[in-house]
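Only one structure is covered here, and it is reproduced in the block below.
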Amino acid sequence: MNGNANGARPVVVVGSGPTGLLLAGDLAAAGVPVTLVEKRPHRISNLSRAFAVHARTLEQLDARGLADQLEALGQPLERLGLFGRLTVDLAALPSRFNHVLVVPQYEVEKVLERRAAECGVEFRYETEATGLAQGPEDVTVQVRGPGGERESLRAAYAVGTDGMRSTVREAIGLPFPGRSVIRSVVLADVRLAERPGTLLTVNAVGDAFAFLAPFGDGYHRVIGWHRGRNVPDSEPLVLDEIKEITRLALGRDFGMHDARWMSRFHSDERQAPAYRVGRVFLAGDAAHVHTPAGGQGMNTGLQDAANLGWKLAAVLHGHADAGLLDTYQAERHPVGRSVLRSSGGLVRLAMAKRPWTLALRAGLTGVLDRVGPARRRAVGLITGIGYRYPAPRGAHRLTGARVPDVALAGGGRLYEALRGGRFVLVVPEGHAVGGGATRGDRLTVERWASGRRTALLVRPDGYAAWAADSVDGPAIEAALSAHVG
C-alpha cells in the first residue's frame, strides 16, 4: 500500500512502547507503510517497568516468530502464589507456554523494535505529536521535530499508543475517567546479597506490601507500599525506605544494595470510554491503565495491538469493509474493563485490613483452592487465555474463542502457520478448498494432524472467525468471502 502523492503514510502510530512497536511491525509486515512517532531519543531504557509476559501474549509473539527469543532471555515462573496461602500451578495451562515469563520490558522492546525495523517501519524519534485533525478521508498529525521544526503527517489512520498522558487521546477529546487506587508505591531495581527462596516473592503483612522478581541480569525488581506512607510522587526516595517496607512485608530485605533505579508513583485505574474516534484509535496505556497486580498492563496493550493491526491492514488493502474496524472497540474495550476489575480486586484483597475484607479474602482463597473451575477461570483471566470475543447469534460455539496451538498435518502447528499474518483455514485431511488459491496472499489452508472433522477458520490474531462441525464446500466459501475477502 503506497502513500499519496505528498508522501503521506497510510498509518501514523504515536508512541514506541511495546504496544506501538508491535502494532507498527504488524502493519509494516502486512505491506502497510507506517510511521512511528516517538518524542524520546532513540534508545531503549534499561530501567525496567513491566516484568511479566503471560501465556496469551507469548502465543501472540509466537505467531510472529518472536517468543522463543524472549524465552531464551527470561525465566519461566511455573507457580503463582496468592495471598500467602494459595499456590496456582500453571503447568496445567492449555498452552505451549504454561508459565509466566519473567523478563524485563526493555528486552521485549528490543525484540519488537528489531522486527519493526526489519519490516520497514519509518521511525521518527525526538518527534513529538502536538495535535491532530481528521476529515472523512484522512487524518493529519501535527508534530514537532528534534530542532523544533513543525510538520504535518497525513495518513489514512492514526493510533495513539502514547501512554497514560496520551496527547492523541486529548486531541480527540476523550476523557480518561477513573481514580488513583494507591499512592506512594515505591519501585527499584536492586542487587541482593541473599537470594530469595522462590523466583517470585510477594507478601503483605499489616500495612506493608512487597514484591520481588528477578530480571536475570543480577538485578531484582522490588515493588513496595506502606499504607501509612502517603506522600507525593515528587518526594525523594532512598533505598532505606524500600528496605524497611520489604522487611515489614517479607521479614527481611535480602541485603538490598546498588539500586540502579528508584521511583515513587501512584497507581491509577482509568479507561477511555471509546478506543476509536473516527480515523483515530487508542491502544495500550493510552486506552486503559490499571494497577500492576497480576502483571497484566503490558500484556493487555500488546494484545490490543495484535487485534487492531490485521484489521487496519485488511481495510487498507481493500480486503475488508471499514466496518471491521468497529470490532476493535467491541472486542477490546470489555477486556480492558475486565483487567481493571481483576487487577484492582487483587490489590484490594492483598491489602485487606478490616475484618470483613480479611474474611472475604480467606473465603475467596478457599474457593480457588477447592474449586477447579473457579481457579481455571481466574488463571485464564490473568494469563489472557480465558478471554473470548463476542460472536453473532447462532454462531458455532468456537466462534470468537482463542484457538490453542493445535498440531497440523506434516508436523507443523497452528501458530507457525499464523506467522505469515494470514487467516488459517484448518480442514480434515483430503478435503480440497476451491477458493484457497485465489486468496493465497491472505489465506493459508492446513489440515488437522488428528482425525478431527471440524472446519475452522482462524483469524491472524489466533481467534476463531468461523467454525463448522462438518465440512461443507459452499459454507466454507461463504465464510471465506465474509471474513477473508
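Within each chain, counting starts at residue 1; across the C-alpha cells, chains are named A, B, ... in the order shown, with ligands numbered 1 upward in that order.
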**For Leu187 in chain A: contacts at 6 Å, only C-alpha atoms, fewer than 4 positions along chain excluded, given as a PyMOL selection string** = chain A and resi 222-223+262-263
Take the residues from that selection and write them out as a compact mmCIF listing (two decimals), in the first residue's frame, keeping C-alpha atoms.
# COMPACT_ATOMS: atom_id res chain seq x y z
CA VAL A 222 11.17 -4.63 44.14
CA ILE A 223 7.75 -3.05 44.48
CA MET A 262 14.32 4.07 42.17
CA SER A 263 10.97 5.71 41.67
Rows by chain and residue number, range 138-257 of chain A within 10 Å of range 28-44 of chain A, shortest pair, only C-alpha atoms, as a tab-separated table:
residue	atom	partner	partner_atom	distance
A:Val141	CA	A:Val37	CA	9.9
A:Val143	CA	A:Val37	CA	8.4
A:Arg144	CA	A:Lys39	CA	8.8
A:Gly145	CA	A:Lys39	CA	8.4
A:Pro146	CA	A:Lys39	CA	8.5
A:Leu153	CA	A:Thr35	CA	8.9
A:Ala155	CA	A:Val34	CA	8.8
A:Tyr157	CA	A:Val34	CA	9.8
A:Ala158	CA	A:Thr35	CA	9.6
A:Val159	CA	A:Leu36	CA	9.6
A:Gly160	CA	A:Val37	CA	9.8
A:Thr161	CA	A:Val37	CA	9.9
A:Asp162	CA	A:Glu38	CA	8.3
**Residues within 8 Å of Pro460 in chain A, only C-alpha atoms, excluding chain neighbours under 4 positions, as JSON, numbers by chain** = {"A": [310, 418, 421, 422, 423, 424]}
Using the selection just defined, write its residues with N, CA and C atoms as a short mmCIF file (atom, residue, chain, number, x, y, z; two decimals), in the first residue's frame.
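Dumped to again01.cif:
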data_model
loop_
_atom_site.label_atom_id
_atom_site.label_comp_id
_atom_site.auth_asym_id
_atom_site.auth_seq_id
_atom_site.Cartn_x
_atom_site.Cartn_y
_atom_site.Cartn_z
N TRP A 310 -4.11 -6.34 12.17
CA TRP A 310 -4.56 -7.08 10.99
C TRP A 310 -5.84 -6.48 10.42
N LEU A 418 0.43 -19.21 11.42
CA LEU A 418 -0.04 -17.83 11.54
C LEU A 418 1.07 -16.81 11.30
N GLY A 421 0.87 -13.78 8.89
CA GLY A 421 -0.12 -12.73 9.07
C GLY A 421 -1.40 -12.99 8.32
N ARG A 422 -1.62 -14.23 7.91
CA ARG A 422 -2.81 -14.58 7.13
C ARG A 422 -3.85 -15.28 8.02
N PHE A 423 -5.06 -15.38 7.48
CA PHE A 423 -6.03 -16.31 8.05
C PHE A 423 -5.52 -17.73 7.80
N VAL A 424 -5.91 -18.63 8.70
CA VAL A 424 -5.57 -20.05 8.51
C VAL A 424 -6.87 -20.85 8.55
#
**CA of Thr300 in chain A to CA of Ala287 in chain A, distance in Å rounded to a single decimal** = 10.3 Å
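When only C-alpha atoms are used to compute distances to Gly15 in chain A, the closest of the residues A:His290, A:His226, A:Arg165, A:Arg377 turns out to be A:Arg165.
Considering the residues A:Val103, A:Ala407, A:Leu414, A:Ala283 and counting only C-alpha atoms, Leu199 in chain A has its shortest atom-to-atom contact with A:Val103.
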**Request:** as an NGL selection string, list the residues of range 247-339 of chain A assigned to strand (DSSP E or B) by DSSP on the backbone atoms of this structure.
**Result:** :A and (257-271 or 276-277 or 280-282 or 288-289)
**Message:** Need the shell around Leu70 in chain A: protein/DNA/RNA residues with any atom at most 9 Å away, counting only C-alpha atoms. Skip same-chain ones fewer than 3 positions apart. Format as a PyMOL selection string?
**Reply:** chain A and resi 58+66-67+73-74+101+103+107-108+111
Would you export the selected residues with N, CA and C atoms as an mmCIF file, in the first residue's frame, please?
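Contents of the output file result-v1.cif:
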data_model
loop_
_atom_site.group_PDB
_atom_site.id
_atom_site.type_symbol
_atom_site.label_atom_id
_atom_site.label_comp_id
_atom_site.auth_asym_id
_atom_site.auth_seq_id
_atom_site.Cartn_x
_atom_site.Cartn_y
_atom_site.Cartn_z
ATOM 1 N N LEU A 58 2.617 -14.509 24.926
ATOM 2 C CA LEU A 58 3.660 -15.359 24.342
ATOM 3 C C LEU A 58 3.139 -16.071 23.102
ATOM 4 N N LEU A 66 8.675 -14.635 17.516
ATOM 5 C CA LEU A 66 9.462 -13.880 18.484
ATOM 6 C C LEU A 66 9.515 -14.511 19.874
ATOM 7 N N ALA A 67 8.617 -15.424 20.162
ATOM 8 C CA ALA A 67 8.501 -15.930 21.532
ATOM 9 C C ALA A 67 9.760 -16.658 21.991
ATOM 10 N N LEU A 73 15.731 -15.337 27.002
ATOM 11 C CA LEU A 73 16.223 -14.215 27.795
ATOM 12 C C LEU A 73 15.623 -14.163 29.195
ATOM 13 N N GLY A 74 14.442 -14.772 29.368
ATOM 14 C CA GLY A 74 13.740 -14.663 30.638
ATOM 15 C C GLY A 74 13.799 -15.930 31.457
ATOM 16 N N LEU A 101 6.489 -15.740 31.948
ATOM 17 C CA LEU A 101 7.892 -15.470 31.647
ATOM 18 C C LEU A 101 8.296 -14.172 32.335
ATOM 19 N N VAL A 103 10.666 -11.413 32.478
ATOM 20 C CA VAL A 103 11.649 -10.790 31.590
ATOM 21 C C VAL A 103 11.373 -9.293 31.589
ATOM 22 N N GLU A 107 13.700 -5.785 27.291
ATOM 23 C CA GLU A 107 14.047 -6.898 26.404
ATOM 24 C C GLU A 107 12.925 -7.138 25.392
ATOM 25 N N VAL A 108 11.687 -7.001 25.840
ATOM 26 C CA VAL A 108 10.551 -7.117 24.919
ATOM 27 C C VAL A 108 10.640 -6.026 23.858
ATOM 28 N N VAL A 111 13.302 -6.724 21.096
ATOM 29 C CA VAL A 111 12.870 -7.715 20.111
ATOM 30 C C VAL A 111 11.849 -7.102 19.156
#
